[in-house]
Every structure is written in C-alpha cells, then in structure tokens.
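Asker: Next up is a structure, given as structure tokens.
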Amino acid sequence: MRIIAVLMLAVLAGCSSITDLKTDISERMFGPDIKDQATDLKEIRTTADVKLLWQAGVGASPDYDFTPAVDDKAVYGASQGGDITRLDVATGKQVWRVSAGEKISGGVGAGENLVLVGTPRGMVLAFDQTAGKLLWKSKVASEVLSAPHVLQGVVVVRSGDSRIYGLDAADGKRKWVYERATPTLSLRSNAGVVIDDGGAAFAGFAGGKLVALDVASGKVIWEASVAQPKGATEIERIADITSLPVVDGRFVYAAAYQGRVVGIERSSGHVLWSRDISSYTGLAADGSTIYVTQSNGAIYALDYSSGKTFWRQGGLQYRQVSAPIALGRYALLGDFEGWVHLLSRDDGDFAARIKIDGSAVMPQPVPLGGSAALFQTRGGGVYAVALK
C-alpha cells in the first residue's frame, strides 16, 4: 500500500524536512530497508489445492492502489494510464477496453449498469457497462484515491481531502457532501468507503474515527472511535484508518495504523471489543473469525465476538502483505513479490502458495464468488485464484 504523510503545517516538531518525515514514517512501518527486512519464504508442506483459473492484463499501476470490481457476470479493471477493461467473469477474456482520456487514480467501481473511476484531477467518470460508453463526468474537490460505489441511484465517492460525496447516478450532479476536520499530520491513503445493502456507507478517517452515513442523504448515522492518538511527537500521534472497514452480519470491523482493531455493533456504532493491533492494510471476516494483517506483516486470527487471538502467523513479516480474504477454510494474502499465500483457518499454518506475478500484489483482494478470489498486481495483471 502506498501511504505517505501529508504535511499540513510548515514546521513539525522533531522533523527538519518533508523527506525526513517520510523516512521516519517508512522506517516505523517497514524498517530501514523493506527488502532487506523481508522474511525469506521457507519451504512448506502443501495441504491445500489451489489453482489459477485465469489471468488478464489491464495495465500497470505503480503509483496507485487499484482493485478490480465484480458485477453482473463481469470483472472490471483499470490502469493508472487511463484504460478501463471489462473481462468475462468465467474466462477472463476481454469484452471491451476504453480509455478514460486521462490518468486514473481511484480504481474502478461497478453497479447499476455503471462503471465508475476517479482521477488525480478530482474527476469522477461514469461509463455504461454494456459498451463502455462515457455517460457523464463530475468534479469533486481533490484527487480521487479510491473506487467510487453506487447504491440506489447514488454514487458515493471519496476525495483525497477526506470529503465524501453523494452524486446522482443519472447525471453526476451533487446531492450531498460530508466533510470533517483532519489532524495536523495524517497519512495519505487509498481508504475509500464500504456500502451495505441497507443503505449505509462506512468510512474511516485520520484520527481514528469510523463514520456510518446514510447513502440517500449523507447524514451521519453514528460515529465510533477506533483509535485515539497518543505519543509525544506528531508522528507518534498518527492513528489513522487507512484501510476499508468490513461489514459482516450484525457487526462492522475496522483497524487503524498505530491504533486498534475493533468490533462494532452495526446498528448503533457501539464498540464491543478492541485489540491493540496496528494495521494499515486491513482485515477480513468469515462470520466467526476476523483476519488482520498487522503493520509489520504478521497475520492474526481473532474471535469475531471478543477479539481473542486464535493464532498468529509471523512468516510473512515485512513482505508488504495485502489485506486477507477468507476463502473456504483458508485466508489468502498477496505479497510484494507476487506470491499468494494460503493460511489454514484452524491454526494459521501455511497450506499452499502460488506465484501469480513478478510484481507486488495490490492491497485489497476481491471475492469472485464460490471458491475463488481476484488479485491485481502493480504490473497490470488481474488473476482469478481458486481452491480446487
């Protein structure tokens, strides 16, 4: 995940320059040299059958975190260069490819016959799913770093200044905007929004707050505290939510960098439990277990109702591990060398691994349905990985 510090004031205590600031944060996350610190992969005893269903090229994205979208028997992918591609969900074959006419920074979202992307200039573009025809453009305040989403005729998109917009899905006109104050120092990340079928949008913010918004009106349903800034310096006090929350049944789960992992009651926003585990990549849920990628690359499995640790896997530390995705009896994760690892849900042992690419796996895998998941890499590949 590409995360950098945003300098909001001219002078910060303890840092003499922006370069020093970025270096300090990078070393806190990964160590002085991520490649030197990365754990070497050890030989494992394979106990799971995993295969590559298909692969497709959508274009490289070295500077932004992109995630493919799945909707109506199709997969949509985007590249930093501006290409948007529709793929057949069963085979990965290209159905169409169009150019946005400019660079894309916010990934791709799909739904209600729309394909949606965001740009560094703060443009939101909507295309028709059938033929890839441009339907409308809409301008928001700043760059779009995450995929837009659509529900019940409202496109929800987040801009880089932490504003969240509700746009009319028919023409892109603004219906509402939500904004809040940000701390002096925060992390610039691709954390977007998660929308549930009940009409709520969930988003995490700098300073450790998680907010639930009504998609139709933009009104706040509730606000919860995932982390509290603490420490003597501005860098130590960074406690930002830089990954997507997870909605699972009656609960919402969220994690913060230099903060906590929390379980929240979905209807009220009441925090039910918390664990002091720092994460910038994110987590996954499978109904009874929460899987969390710690900031150093260790993986935790936690009880969904209490946060109690079931197991911890430390064999992927400093490998820039993606968020997990739950698939059958396994948790799947990608790393910076293009490996996808399968961990047993029961004890966290390595069950299998498969090499999909020579470039880094993007931070957020996507469920494909059944026993398969999608992984996108910085080199421009989209891969459908499945259990046999």
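Chain labels A, B, ... are given in the sequence in which chains occur in the structure tokens; within each chain residues are numbered consecutively from 1, and ligands are likewise numbered from 1 in the order shown.
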Which region 175-270 of chain A residues have any atom within 12 Å of an atom of region 111-134 of chain A, and for each, what is the nearest pair of atoms with distance in Å to one decimal, counting only C-alpha atoms, rows sorted by chain and number, as CSV?
Answerer:
residue,atom,partner,partner_atom,distance
A:Asn190,CA,A:Gly118,CA,11.6
A:Gly192,CA,A:Gly118,CA,11.6
A:Ile195,CA,A:Gly111,CA,11.7
Asker: Name the residues of region 270-339 of chain A that come out as strand (DSSP E) in a backbone DSSP run; write them as a count of residues only.
Answerer: 33
Asker: Residues at most 12 Å from Ala181 (chain A), counting only C-alpha atoms, excluding those fewer than 3 positions away in the same chain, as a compact mmCIF listing (two decimals) with all heavy atoms, in the first residue's frame?
Answerer:
# COMPACT_ATOMS: atom_id res chain seq x y z
N MET A 8 0.64 19.31 6.93
CA MET A 8 -0.40 20.34 6.97
C MET A 8 0.11 21.67 7.51
O MET A 8 -0.48 22.71 7.26
CB MET A 8 -1.56 19.85 7.83
CG MET A 8 -2.15 18.51 7.38
SD MET A 8 -2.87 18.59 5.74
CE MET A 8 -4.31 19.57 6.09
N ASP A 161 -9.08 14.80 0.16
CA ASP A 161 -9.14 15.67 1.33
C ASP A 161 -10.16 15.16 2.36
O ASP A 161 -10.58 15.90 3.25
CB ASP A 161 -9.49 17.10 0.92
CG ASP A 161 -10.80 17.19 0.15
OD1 ASP A 161 -11.48 16.15 -0.01
OD2 ASP A 161 -11.16 18.29 -0.30
N SER A 162 -10.55 13.89 2.22
CA SER A 162 -11.45 13.20 3.15
C SER A 162 -12.91 13.63 3.06
O SER A 162 -13.71 13.30 3.92
CB SER A 162 -10.96 13.32 4.61
OG SER A 162 -9.80 12.55 4.80
N ARG A 163 -13.28 14.38 2.03
CA ARG A 163 -14.69 14.64 1.79
C ARG A 163 -15.32 13.41 1.13
O ARG A 163 -14.68 12.72 0.34
CB ARG A 163 -14.89 15.86 0.91
CG ARG A 163 -14.56 17.19 1.56
CD ARG A 163 -14.87 18.34 0.60
NE ARG A 163 -14.73 19.64 1.22
CZ ARG A 163 -13.63 20.39 1.16
NH1 ARG A 163 -12.58 19.92 0.50
NH2 ARG A 163 -13.57 21.56 1.74
N TYR A 178 -20.19 15.22 2.66
CA TYR A 178 -19.83 15.09 4.08
C TYR A 178 -18.36 15.45 4.22
O TYR A 178 -17.51 14.97 3.46
CB TYR A 178 -20.07 13.67 4.57
CG TYR A 178 -19.52 13.41 5.96
CD1 TYR A 178 -20.24 13.78 7.09
CD2 TYR A 178 -18.27 12.81 6.13
CE1 TYR A 178 -19.73 13.56 8.36
CE2 TYR A 178 -17.76 12.58 7.40
CZ TYR A 178 -18.49 12.97 8.51
OH TYR A 178 -17.99 12.76 9.77
N THR A 184 -3.43 17.63 12.28
CA THR A 184 -2.31 18.37 11.70
C THR A 184 -1.51 17.50 10.75
O THR A 184 -1.12 17.92 9.66
CB THR A 184 -1.38 18.88 12.82
OG1 THR A 184 -2.13 19.72 13.69
CG2 THR A 184 -0.20 19.64 12.25
N LEU A 185 -1.27 16.27 11.13
CA LEU A 185 -0.49 15.34 10.32
C LEU A 185 -1.31 14.07 10.11
O LEU A 185 -1.84 13.50 11.06
CB LEU A 185 0.83 15.00 11.01
CG LEU A 185 1.82 14.15 10.21
CD1 LEU A 185 2.34 14.93 9.01
CD2 LEU A 185 2.98 13.72 11.11
N SER A 186 -1.42 13.63 8.86
CA SER A 186 -2.19 12.42 8.58
C SER A 186 -1.55 11.66 7.44
O SER A 186 -0.68 12.18 6.73
CB SER A 186 -3.65 12.75 8.24
OG SER A 186 -3.73 13.54 7.07
N PHE A 205 -11.37 7.49 9.05
CA PHE A 205 -10.72 8.78 8.85
C PHE A 205 -9.43 8.90 9.66
O PHE A 205 -9.16 8.11 10.57
CB PHE A 205 -11.67 9.91 9.26
CG PHE A 205 -12.84 10.08 8.34
CD1 PHE A 205 -14.01 9.37 8.55
CD2 PHE A 205 -12.76 10.92 7.24
CE1 PHE A 205 -15.09 9.51 7.69
CE2 PHE A 205 -13.83 11.07 6.38
CZ PHE A 205 -15.00 10.37 6.61
N ALA A 206 -8.65 9.92 9.31
CA ALA A 206 -7.49 10.28 10.12
C ALA A 206 -7.95 10.63 11.52
O ALA A 206 -9.01 11.21 11.71
CB ALA A 206 -6.77 11.47 9.48
N GLY A 207 -7.15 10.24 12.49
CA GLY A 207 -7.54 10.45 13.88
C GLY A 207 -8.29 9.28 14.46
O GLY A 207 -8.64 9.28 15.64
N LYS A 209 -11.35 7.79 13.60
CA LYS A 209 -12.81 7.76 13.67
C LYS A 209 -13.41 6.96 12.51
O LYS A 209 -12.96 7.08 11.37
CB LYS A 209 -13.38 9.18 13.66
CG LYS A 209 -12.92 10.05 14.81
CD LYS A 209 -13.38 9.51 16.15
CE LYS A 209 -12.97 10.45 17.29
NZ LYS A 209 -13.36 9.92 18.62
Asker: Counting only C-alpha atoms, which of A:His149, A:Lys73, A:Arg174, A:Arg97 gets nearest to Ala201 (chain A)?
Answerer: A:His149
Asker: Might you pull out every residue within 8 Å of Ala352 (chain A), with only C-alpha atoms counted and same-chain residues fewer than 3 positions away left off, and present them as a ChimeraX atom specification?
Answerer: /A:44-50,341-343
Asker: Could you write those residues out with N, CA and C atoms, as a PDB file, in the first residue's frame?
Answerer:
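Output saved as again_7.pdb:
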ATOM      1  N   ILE A  44       7.269 -25.143   2.540  1.00  0.00           N
ATOM      2  CA  ILE A  44       6.087 -25.527   3.313  1.00  0.00           C
ATOM      3  C   ILE A  44       5.591 -26.886   2.860  1.00  0.00           C
ATOM      4  N   ARG A  45       4.791 -27.500   3.713  1.00  0.00           N
ATOM      5  CA  ARG A  45       4.100 -28.745   3.356  1.00  0.00           C
ATOM      6  C   ARG A  45       2.727 -28.366   2.815  1.00  0.00           C
ATOM      7  N   THR A  46       2.517 -28.582   1.530  1.00  0.00           N
ATOM      8  CA  THR A  46       1.271 -28.173   0.886  1.00  0.00           C
ATOM      9  C   THR A  46       0.123 -29.104   1.282  1.00  0.00           C
ATOM     10  N   THR A  47      -0.926 -28.502   1.835  1.00  0.00           N
ATOM     11  CA  THR A  47      -2.084 -29.289   2.265  1.00  0.00           C
ATOM     12  C   THR A  47      -3.373 -28.826   1.599  1.00  0.00           C
ATOM     13  N   ALA A  48      -3.297 -27.823   0.743  1.00  0.00           N
ATOM     14  CA  ALA A  48      -4.482 -27.320   0.038  1.00  0.00           C
ATOM     15  C   ALA A  48      -4.194 -27.285  -1.456  1.00  0.00           C
ATOM     16  N   ASP A  49      -5.221 -27.522  -2.249  1.00  0.00           N
ATOM     17  CA  ASP A  49      -5.095 -27.447  -3.700  1.00  0.00           C
ATOM     18  C   ASP A  49      -5.580 -26.089  -4.179  1.00  0.00           C
ATOM     19  N   VAL A  50      -4.711 -25.352  -4.821  1.00  0.00           N
ATOM     20  CA  VAL A  50      -5.057 -24.027  -5.325  1.00  0.00           C
ATOM     21  C   VAL A  50      -4.624 -23.940  -6.781  1.00  0.00           C
ATOM     22  N   HIS A 341      -0.468 -16.449  -0.688  1.00  0.00           N
ATOM     23  CA  HIS A 341      -0.281 -17.451   0.364  1.00  0.00           C
ATOM     24  C   HIS A 341      -1.628 -17.878   0.918  1.00  0.00           C
ATOM     25  N   LEU A 342      -1.779 -19.160   1.193  1.00  0.00           N
ATOM     26  CA  LEU A 342      -2.975 -19.696   1.841  1.00  0.00           C
ATOM     27  C   LEU A 342      -2.617 -20.120   3.252  1.00  0.00           C
ATOM     28  N   LEU A 343      -3.341 -19.560   4.227  1.00  0.00           N
ATOM     29  CA  LEU A 343      -3.164 -19.929   5.625  1.00  0.00           C
ATOM     30  C   LEU A 343      -4.381 -20.712   6.102  1.00  0.00           C
TER      31      LEU A 343
END
Asker: Between CA of Ser371 (chain A) and CA of Gly59 (chain A), what is the spacing in Å?
Answerer: 25.8 Å
Asker: Report the distance between CA of Asp286 (chain A) and CA of Pro363 (chain A) in Å, rounded to one decimal place.
Answerer: 18.4 Å
Asker: So that I can check the surroundings of Arg266 (chain A), please list as a ChimeraX atom specification every protein, DNA and RNA residue that reaches within 8 Å of it, counting only C-alpha atoms and ignoring chain neighbours fewer than 5 positions away.
Answerer: /A:247,250-252
Asker: Residues at most 9 Å from Arg329 (chain A), counting only C-alpha atoms, excluding those fewer than 2 positions away in the same chain, as a PyMOL selection string?
Answerer: chain A and resi 326-327+331+343-346
Asker: With C-alpha atoms retained, export the selected residues as a compact mmCIF listing (two decimals), in the first residue's frame.
Answerer:
# COMPACT_ATOMS: atom_id res chain seq x y z
CA ALA A 326 -11.42 -15.51 3.56
CA LEU A 327 -11.97 -18.39 1.16
CA ALA A 331 -7.19 -16.94 4.49
CA LEU A 343 -3.16 -19.93 5.63
CA SER A 344 -5.24 -22.56 7.39
CA ARG A 345 -8.22 -21.06 9.20
CA ASP A 346 -7.71 -23.57 12.04
Asker: Would you mind reading off the distance between CA of Ala141 (chain A) and CA of Gly380 (chain A), one decimal, in Å?
Answerer: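 So the two atoms, CA of Ala141 (chain A) and CA of Gly380 (chain A), lie 28.3 Å apart.
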Asker: Find the spatial neighbours of Val321 (chain A), counting only C-alpha atoms, within a cut-off of 10 Å - ignore same-chain residues fewer than 3 positions away - and output them as a PyMOL selection string.
Answerer: chain A and resi 1+281-282+293-299+316-318+324+333-337+339-341+360-364
